[in-house]
Each structure stands twice: as C-alpha cells, then as structure tokens.
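Below is one structure; the comments refer to it alone.
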Amino acid sequence: MTYARQPRQPKPHRVVVLALDGCIPFELGIPQRIFGRATDPGGGKLYEVVTCSIRPPGAVRTDADFDILVSHGPEALATADTVVIPASYELGPVYDEGRLTPELAAALGRLRPGTRLVSICTGGYVLAAAGHLDGRRATTHWWHAEHFQRLFPAIEVDADVLFIDDGDVLTSAGVAAGIDLCLHIVRRDHGSAVANDVARRTVVPPHRDGGQAQYIQRPVPEPQLATTSAARAWALDRLHEPIQLRDLAGRESMSVRSFTRRFREEVGVSPGQWLTQQRVQRARQLLESTDLPMDQVARDAGFGTAQSMRQHLLCALGVTPTGYRRTFRATATATATATMSTTR
C-alpha cells in the first residue's frame, strides 16, 4: 500500500520581540496579542512569536512592580523574520546620547540582512541609535518627538502620525499605536480579512490610518452640553448620499456655527474633513472586500464619480483605487492559495 505524501505546512513568519530592562508590559504584549492571533482560513498560525532578551534567558525588569521571565537570549534575533522593539524606560545611553551599549550592539549585530524592523514608542530610539533610521521618516511618542529629533538629526521625525511604514523599517507612536502598527503589518502581509478577524478578537478598531493624528489637545465636553455623536451616527448610515453641513447641524438642533465649533472640539477636525475620512475608509473596505466596478464603489462611498474617489485616495493614501485594490486583493489571494496548497 502506498500513501500520498502530505504537503509540508508553510513555516510561520517568525516575529522576535526584544524585551529590554524597563519595558512596559502592555506594549511588550502587543505583538503576541496581534500576530499570535493571526490565522489562515484553515486555522493555521501565520506567525510564530517569541520574546528574547539581550542577555541569557532569565528575568527582565519592567516599569511595573514585577519582572518577567524571558526564555530566549539574543541568539533568537538571528532567527527572526521580523524584530519588534517595544518601549523601555531604561534605555540609558541610547536615550541620553543616542549610543548603543556594547551588549545591545552585540545583540543587534546578530540580525540577518533583510530582517524587517519594527519599533513601538521609544523603541525607535534603539533603531535610531543603531543607524537603521538614518535618512528615513520615522515617528515615536509625541512626548519624546522633539528630543528624538535633536538627538538624531539625520531622521525626519513626524510626531503627528500613529505609525510610519517605510518598507522594511516601521515605527509607531506610543502605547496603543503599537496595536495599529501590528494590525497594519498583518493587513500588509495577509490582507484585510485576516487583520479584521484579529481586530475583532482583540476588540479594537480594525483600522486607524497611520496618518491619523497621535494626540489632539481638546477639551472633553461637559456631560450637560450637546454633543455631535447622533449626527455622526446618522451620517455613517448615509455616506452614499449627499450630506450638507446644515443637515448635520439639524440632527442636533444646532446652528451651523455652533455645530461646527462643537464638532471640532469633539472630533478634532471639521465636519467636512471627517466626512471625507469616513468615505475614504468606506471606499477602502469596498475595494478590499468586493469586485464592484470603480464607479459603483465611488457612488457607494459617497464620492459620486470614480475620478473624485481617485483624487481623494491619492491625497489620503498616495495610491489610486486600482493600485489599492490590486495590492490588497493580491495579498489575500496569495494567502488563500498557500492555505489551499497545504490542505489538499
């Protein structure tokens, strides 16, 4: 009797998270939570996530009242397809002088050429001190951005975004922006369906655009004051229709002037800017998940014409609707094909 050879399962993409002394437990856990939940349609894990230290396995201090026990030493970095460096509050000369310690430099020296590098919050200081961000655009927590720019003048620091994707090097702002960046990477690697499934399991929004502002200093409306939430909910159900400012103000029984002021206080942008953002997001969803013609996508998203949609996506994303659909549909097709090949 002969047996058919079973196809070899594809090797999961290996993500190595570098835990430094002074790390923040919340940010340290983000890669495992996001990448560790990403699966193909057959339930196979798409990523393998391991955590390592720059020293032999053992305890690593956190900024909380407990240490963590790390099972891998710096040799794990040599096995990584992607390395994630979360924030630390004990970066020492990395933060103060822009200089790696010998121990950290030796650990990073194990990285293979072509390894994708990712930082969360002040983890960007490590990538910068190692020279990986020279001549690139990068971000970090807005609180540290001015210091980051002074310390590393060869970097173009943008403090007004959640994350920056520069191909093989990606940086994010602080804390929860690391979730946005990791979801973006899953989306880039395997398409929106996989990323959206991870987001649902994690109970977070499936997508916040990297260009969204990190921090908008605005007052929180007093409970007794009118808000614009009902108007926004109403508009989201009617993005495909023409929506005038007076229509939105009327939903809240406000004058246009009062509504516009209150809207800016609550949302941080004008009603018109917000509507455009929501329509861009709607167009992205349709381009990723349907085969609708461009004219239909434009109408359903509220842009009216394909040309108008093209201009708005180019402005917001730097890519045409056709290019956007090709990128994400191709990624989803490649993932599905790989899955099918392993289940036959």
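Every chain in the structure tokens has a letter given in the order shown (A, B, ...), and although residue numbers restart at 1 in each chain, ligands are simply numbered from 1 in the order shown.
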
>> Can you pull out the residues contacting Pro31 (chain A)? Cut-off 10 Å, using only C-alpha atoms, and skip same-chain residues under 3 positions away; I want them as an MDAnalysis selection string.
In response: chainID A and resid 15:17 27:28 34:37 49:51 83:86 120 178:179 181:183

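Here CA of Arg299 (chain A) stands at a distance of 17.2 Å from CA of Leu314 (chain A).
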
List as a Markdown table every residue of region 6-90 of chain A that is in contact with region 188-194 of chain A, defined as an atom at most 9 Å from one of its atoms (using only C-alpha atoms), together with the nearest atom pair and the distance in Å rounded to one decimal, sorted by chain and then rising number.
| residue | atom | partner | partner_atom | distance |
| --- | --- | --- | --- | --- |
| A:Ala38 | CA | A:Val194 | CA | 6.4 |
| A:Thr39 | CA | A:Val194 | CA | 7.0 |
| A:Asp40 | CA | A:Val194 | CA | 7.3 |
| A:Pro41 | CA | A:Val194 | CA | 8.5 |
| A:Leu46 | CA | A:His190 | CA | 8.7 |

If you keep N, CA and C atoms, can you produce a file of those selected residues as an mmCIF file, in the first residue's frame?
data_model
loop_
_atom_site.group_PDB
_atom_site.id
_atom_site.type_symbol
_atom_site.label_atom_id
_atom_site.label_comp_id
_atom_site.auth_asym_id
_atom_site.auth_seq_id
_atom_site.Cartn_x
_atom_site.Cartn_y
_atom_site.Cartn_z
ATOM 1 N N ALA A 38 -3.279 35.757 14.495
ATOM 2 C CA ALA A 38 -3.487 35.743 13.037
ATOM 3 C C ALA A 38 -3.418 34.319 12.516
ATOM 4 N N THR A 39 -4.491 33.875 11.879
ATOM 5 C CA THR A 39 -4.549 32.517 11.346
ATOM 6 C C THR A 39 -5.049 32.526 9.912
ATOM 7 N N ASP A 40 -4.703 31.465 9.175
ATOM 8 C CA ASP A 40 -5.224 31.313 7.822
ATOM 9 C C ASP A 40 -6.628 30.714 7.891
ATOM 10 N N PRO A 41 -7.337 30.590 6.760
ATOM 11 C CA PRO A 41 -8.710 30.063 6.800
ATOM 12 C C PRO A 41 -8.813 28.666 7.396
ATOM 13 N N LEU A 46 -0.199 32.008 11.322
ATOM 14 C CA LEU A 46 0.587 32.680 10.295
ATOM 15 C C LEU A 46 1.895 33.242 10.843
#

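The set of residues in region 83-146 of chain A assigned to strand (DSSP E) by DSSP, using only backbone atoms of this structure, is A:Val83, A:Val84, A:Ile85, A:Arg116, A:Leu117, A:Val118, A:Ser119, A:Ile120, A:Arg137, A:Ala138.
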
Go ahead and write the selection's residues with N, CA and C atoms as a PDB file, in the first residue's frame.
ATOM      1  N   VAL A  83      11.672  41.724  13.663  1.00  0.00           N
ATOM      2  CA  VAL A  83      12.030  42.037  15.043  1.00  0.00           C
ATOM      3  C   VAL A  83      11.206  43.234  15.497  1.00  0.00           C
ATOM      4  N   VAL A  84      10.573  43.109  16.652  1.00  0.00           N
ATOM      5  CA  VAL A  84       9.800  44.202  17.234  1.00  0.00           C
ATOM      6  C   VAL A  84      10.498  44.659  18.509  1.00  0.00           C
ATOM      7  N   ILE A  85      10.715  45.978  18.624  1.00  0.00           N
ATOM      8  CA  ILE A  85      11.351  46.543  19.809  1.00  0.00           C
ATOM      9  C   ILE A  85      10.341  47.462  20.499  1.00  0.00           C
ATOM     10  N   ARG A 116      12.915  42.439   8.824  1.00  0.00           N
ATOM     11  CA  ARG A 116      12.028  43.604   8.971  1.00  0.00           C
ATOM     12  C   ARG A 116      12.122  44.113  10.408  1.00  0.00           C
ATOM     13  N   LEU A 117      12.258  45.417  10.574  1.00  0.00           N
ATOM     14  CA  LEU A 117      12.457  46.024  11.886  1.00  0.00           C
ATOM     15  C   LEU A 117      11.260  46.898  12.239  1.00  0.00           C
ATOM     16  N   VAL A 118      10.770  46.729  13.456  1.00  0.00           N
ATOM     17  CA  VAL A 118       9.576  47.425  13.921  1.00  0.00           C
ATOM     18  C   VAL A 118       9.841  47.976  15.318  1.00  0.00           C
ATOM     19  N   SER A 119       9.447  49.227  15.549  1.00  0.00           N
ATOM     20  CA  SER A 119       9.565  49.785  16.897  1.00  0.00           C
ATOM     21  C   SER A 119       8.215  50.307  17.355  1.00  0.00           C
ATOM     22  N   ILE A 120       8.004  50.217  18.661  1.00  0.00           N
ATOM     23  CA  ILE A 120       6.819  50.778  19.295  1.00  0.00           C
ATOM     24  C   ILE A 120       7.280  51.833  20.284  1.00  0.00           C
ATOM     25  N   ARG A 137      12.014  58.611   7.285  1.00  0.00           N
ATOM     26  CA  ARG A 137      10.958  59.262   8.055  1.00  0.00           C
ATOM     27  C   ARG A 137      10.535  58.289   9.149  1.00  0.00           C
ATOM     28  N   ALA A 138      10.366  58.786  10.365  1.00  0.00           N
ATOM     29  CA  ALA A 138      10.033  57.914  11.484  1.00  0.00           C
ATOM     30  C   ALA A 138       9.205  58.688  12.498  1.00  0.00           C
TER      31      ALA A 138
END

Need to verify the contact set: region 259-263 of chain A, 7 Å, only C-alpha atoms, exclusion of same-chain residues closer than 4 positions in sequence. Can you return it as a PDB file with C-alpha atoms, in the first residue's frame?
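Output below, filename part-v5.pdb:
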ATOM      1  CA  THR A 227     -22.650  66.600  21.505  1.00  0.00           C
ATOM      2  CA  THR A 228     -22.451  65.694  17.823  1.00  0.00           C
ATOM      3  CA  ALA A 249     -26.419  70.577  12.410  1.00  0.00           C
ATOM      4  CA  MET A 254     -27.895  73.439  16.479  1.00  0.00           C
ATOM      5  CA  SER A 255     -26.952  76.336  14.296  1.00  0.00           C
ATOM      6  CA  VAL A 267     -13.505  65.167  16.873  1.00  0.00           C
ATOM      7  CA  SER A 270     -14.059  69.910  10.649  1.00  0.00           C
ATOM      8  CA  PRO A 271     -17.271  68.086   9.685  1.00  0.00           C
TER       9      PRO A 271
END

> Near Phe66 (chain A), counting only C-alpha atoms, which residues have an atom at most 12 Å away, once you skip same-chain residues fewer than 3 positions from it, shown as a PyMOL selection string?
Replying inline: chain A and resi 21-25+59-63+69

> Hey, what's within 8 Å of region 321-323 of chain A if we count only C-alpha atoms and toss same-chain stuff fewer than 3 positions away? As an NGL selection string, please?
Replying inline: :A and (287 or 294 or 309-310 or 313 or 326-327)

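Computed from the coordinates, the CA of His13 (chain A) to CA of Ala129 (chain A) distance equals 26.2 Å.
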
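If you look at CA of Phe303 (chain A) and CA of Thr276 (chain A), they are 8.7 Å away from each other.
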
>> If DSSP is run on the backbone, what residues of region 125-202 of chain A are helix (DSSP H, G or I)? A reply as a ChimeraX atom specification would be ideal.
In response: /A:125-129,142-151,177-190,192-202

Could those residues be written to a file, using N, CA and C atoms, as a tab-separated table (two decimals), in the first residue's frame?
chain	number	residue	atom	x	y	z
A	125	TYR	N	14.16	54.65	19.51
A	125	TYR	CA	15.50	55.13	19.87
A	125	TYR	C	16.54	54.05	19.60
A	126	VAL	N	16.19	52.81	19.82
A	126	VAL	CA	17.14	51.72	19.59
A	126	VAL	C	17.45	51.60	18.10
A	127	LEU	N	16.40	51.62	17.27
A	127	LEU	CA	16.63	51.55	15.83
A	127	LEU	C	17.45	52.75	15.35
A	128	ALA	N	17.16	53.93	15.91
A	128	ALA	CA	17.88	55.13	15.51
A	128	ALA	C	19.34	55.07	15.92
A	129	ALA	N	19.60	54.65	17.15
A	129	ALA	CA	20.99	54.57	17.63
A	129	ALA	C	21.79	53.55	16.84
A	142	TRP	N	4.63	61.27	20.91
A	142	TRP	CA	4.70	62.73	20.73
A	142	TRP	C	5.45	63.42	21.86
A	143	TRP	N	5.41	62.85	23.06
A	143	TRP	CA	6.09	63.46	24.20
A	143	TRP	C	7.60	63.50	23.98
A	144	HIS	N	8.13	62.52	23.27
A	144	HIS	CA	9.59	62.42	23.08
A	144	HIS	C	10.05	62.93	21.71
A	145	ALA	N	9.13	63.36	20.87
A	145	ALA	CA	9.48	63.63	19.48
A	145	ALA	C	10.54	64.73	19.33
A	146	GLU	N	10.41	65.80	20.09
A	146	GLU	CA	11.37	66.89	19.96
A	146	GLU	C	12.77	66.43	20.38
A	147	HIS	N	12.85	65.70	21.48
A	147	HIS	CA	14.13	65.17	21.94
A	147	HIS	C	14.70	64.18	20.92
A	148	PHE	N	13.83	63.35	20.38
A	148	PHE	CA	14.23	62.36	19.38
A	148	PHE	C	14.85	63.05	18.17
A	149	GLN	N	14.23	64.14	17.72
A	149	GLN	CA	14.74	64.86	16.55
A	149	GLN	C	16.09	65.51	16.85
A	150	ARG	N	16.24	66.09	18.03
A	150	ARG	CA	17.52	66.72	18.40
A	150	ARG	C	18.63	65.69	18.46
A	151	LEU	N	18.32	64.53	19.04
A	151	LEU	CA	19.33	63.51	19.23
A	151	LEU	C	19.73	62.84	17.91
A	177	ALA	N	-0.82	52.86	19.80
A	177	ALA	CA	-0.45	52.96	18.39
A	177	ALA	C	0.31	51.73	17.94
A	178	GLY	N	0.93	51.03	18.89
A	178	GLY	CA	1.58	49.77	18.55
A	178	GLY	C	0.59	48.73	18.05
A	179	ILE	N	-0.63	48.76	18.57
A	179	ILE	CA	-1.67	47.86	18.08
A	179	ILE	C	-1.99	48.20	16.63
A	180	ASP	N	-2.14	49.48	16.35
A	180	ASP	CA	-2.44	49.91	14.98
A	180	ASP	C	-1.34	49.46	14.01
A	181	LEU	N	-0.09	49.61	14.43
A	181	LEU	CA	1.02	49.24	13.55
A	181	LEU	C	1.05	47.73	13.32
A	182	CYS	N	0.87	46.95	14.38
A	182	CYS	CA	0.91	45.50	14.21
A	182	CYS	C	-0.26	45.01	13.34
A	183	LEU	N	-1.43	45.59	13.51
A	183	LEU	CA	-2.56	45.24	12.64
A	183	LEU	C	-2.27	45.64	11.20
A	184	HIS	N	-1.62	46.77	11.01
A	184	HIS	CA	-1.24	47.20	9.66
A	184	HIS	C	-0.30	46.19	9.02
A	185	ILE	N	0.63	45.67	9.79
A	185	ILE	CA	1.58	44.69	9.26
A	185	ILE	C	0.84	43.40	8.86
A	186	VAL	N	-0.07	42.95	9.72
A	186	VAL	CA	-0.87	41.77	9.37
A	186	VAL	C	-1.66	42.03	8.11
A	187	ARG	N	-2.22	43.20	8.02
A	187	ARG	CA	-3.01	43.59	6.84
A	187	ARG	C	-2.12	43.60	5.60
A	188	ARG	N	-0.92	44.13	5.74
A	188	ARG	CA	0.01	44.19	4.62
A	188	ARG	C	0.47	42.80	4.21
A	189	ASP	N	0.68	41.93	5.19
A	189	ASP	CA	1.18	40.58	4.90
A	189	ASP	C	0.11	39.66	4.35
A	190	HIS	N	-1.11	39.75	4.90
A	190	HIS	CA	-2.11	38.72	4.63
A	190	HIS	C	-3.49	39.26	4.24
A	192	SER	N	-6.88	42.24	4.38
A	192	SER	CA	-7.77	42.85	5.36
A	192	SER	C	-8.60	41.83	6.12
A	193	ALA	N	-8.97	40.72	5.48
A	193	ALA	CA	-9.83	39.75	6.16
A	193	ALA	C	-9.14	39.19	7.40
A	194	VAL	N	-7.86	38.84	7.27
A	194	VAL	CA	-7.12	38.30	8.41
A	194	VAL	C	-6.96	39.37	9.48
A	195	ALA	N	-6.57	40.59	9.08
A	195	ALA	CA	-6.38	41.67	10.05
A	195	ALA	C	-7.68	42.02	10.76
A	196	ASN	N	-8.78	42.04	10.03
A	196	ASN	CA	-10.07	42.36	10.64
A	196	ASN	C	-10.49	41.29	11.65
A	197	ASP	N	-10.18	40.03	11.34
A	197	ASP	CA	-10.50	38.95	12.27
A	197	ASP	C	-9.71	39.11	13.56
A	198	VAL	N	-8.42	39.45	13.44
A	198	VAL	CA	-7.60	39.69	14.64
A	198	VAL	C	-8.17	40.85	15.44
A	199	ALA	N	-8.56	41.92	14.75
A	199	ALA	CA	-9.10	43.09	15.43
A	199	ALA	C	-10.38	42.75	16.18
A	200	ARG	N	-11.23	41.95	15.57
A	200	ARG	CA	-12.47	41.56	16.25
A	200	ARG	C	-12.17	40.76	17.51
A	201	ARG	N	-11.21	39.85	17.42
A	201	ARG	CA	-10.86	39.06	18.59
A	201	ARG	C	-10.26	39.93	19.70
A	202	THR	N	-9.55	40.97	19.29
A	202	THR	CA	-8.89	41.84	20.25
A	202	THR	C	-9.81	42.96	20.73

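The residue that comes closest to Val297 (chain A), out of A:Arg246, A:His240, A:Arg251, A:Arg257 and on the basis of only C-alpha atoms, is A:His240.
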
>> Give me, as a ChimeraX atom specification, all polymer residues having an atom no more than 9 Å from Asp300 (chain A), counting only C-alpha atoms and skipping those fewer than 4 positions away in the same chain.
In response: /A:239-241,279,282-283,286,295-296,304

Since we have the selection now, will you write its residues out, keeping C-alpha atoms, as a CSV table (one decimal), in the first residue's frame?
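Okay, out-v5.csv is ready:
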chain,number,residue,atom,x,y,z
A,239,LEU,CA,-22.3,58.1,3.3
A,240,HIS,CA,-23.6,57.2,-0.1
A,241,GLU,CA,-25.9,60.2,0.0
A,279,ARG,CA,-15.8,58.0,2.8
A,282,ARG,CA,-15.7,53.1,3.2
A,283,ALA,CA,-14.0,53.0,-0.2
A,286,LEU,CA,-15.3,48.0,-0.7
A,295,ASP,CA,-17.9,53.8,-10.5
A,296,GLN,CA,-20.1,51.7,-8.1
A,304,GLY,CA,-20.1,60.4,-6.8

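Each of A:Thr290, A:Ala233, A:Pro10, A:Ser258 was compared to Leu275 (chain A) using only C-alpha atoms, and A:Ala233 turns out to be the nearest.
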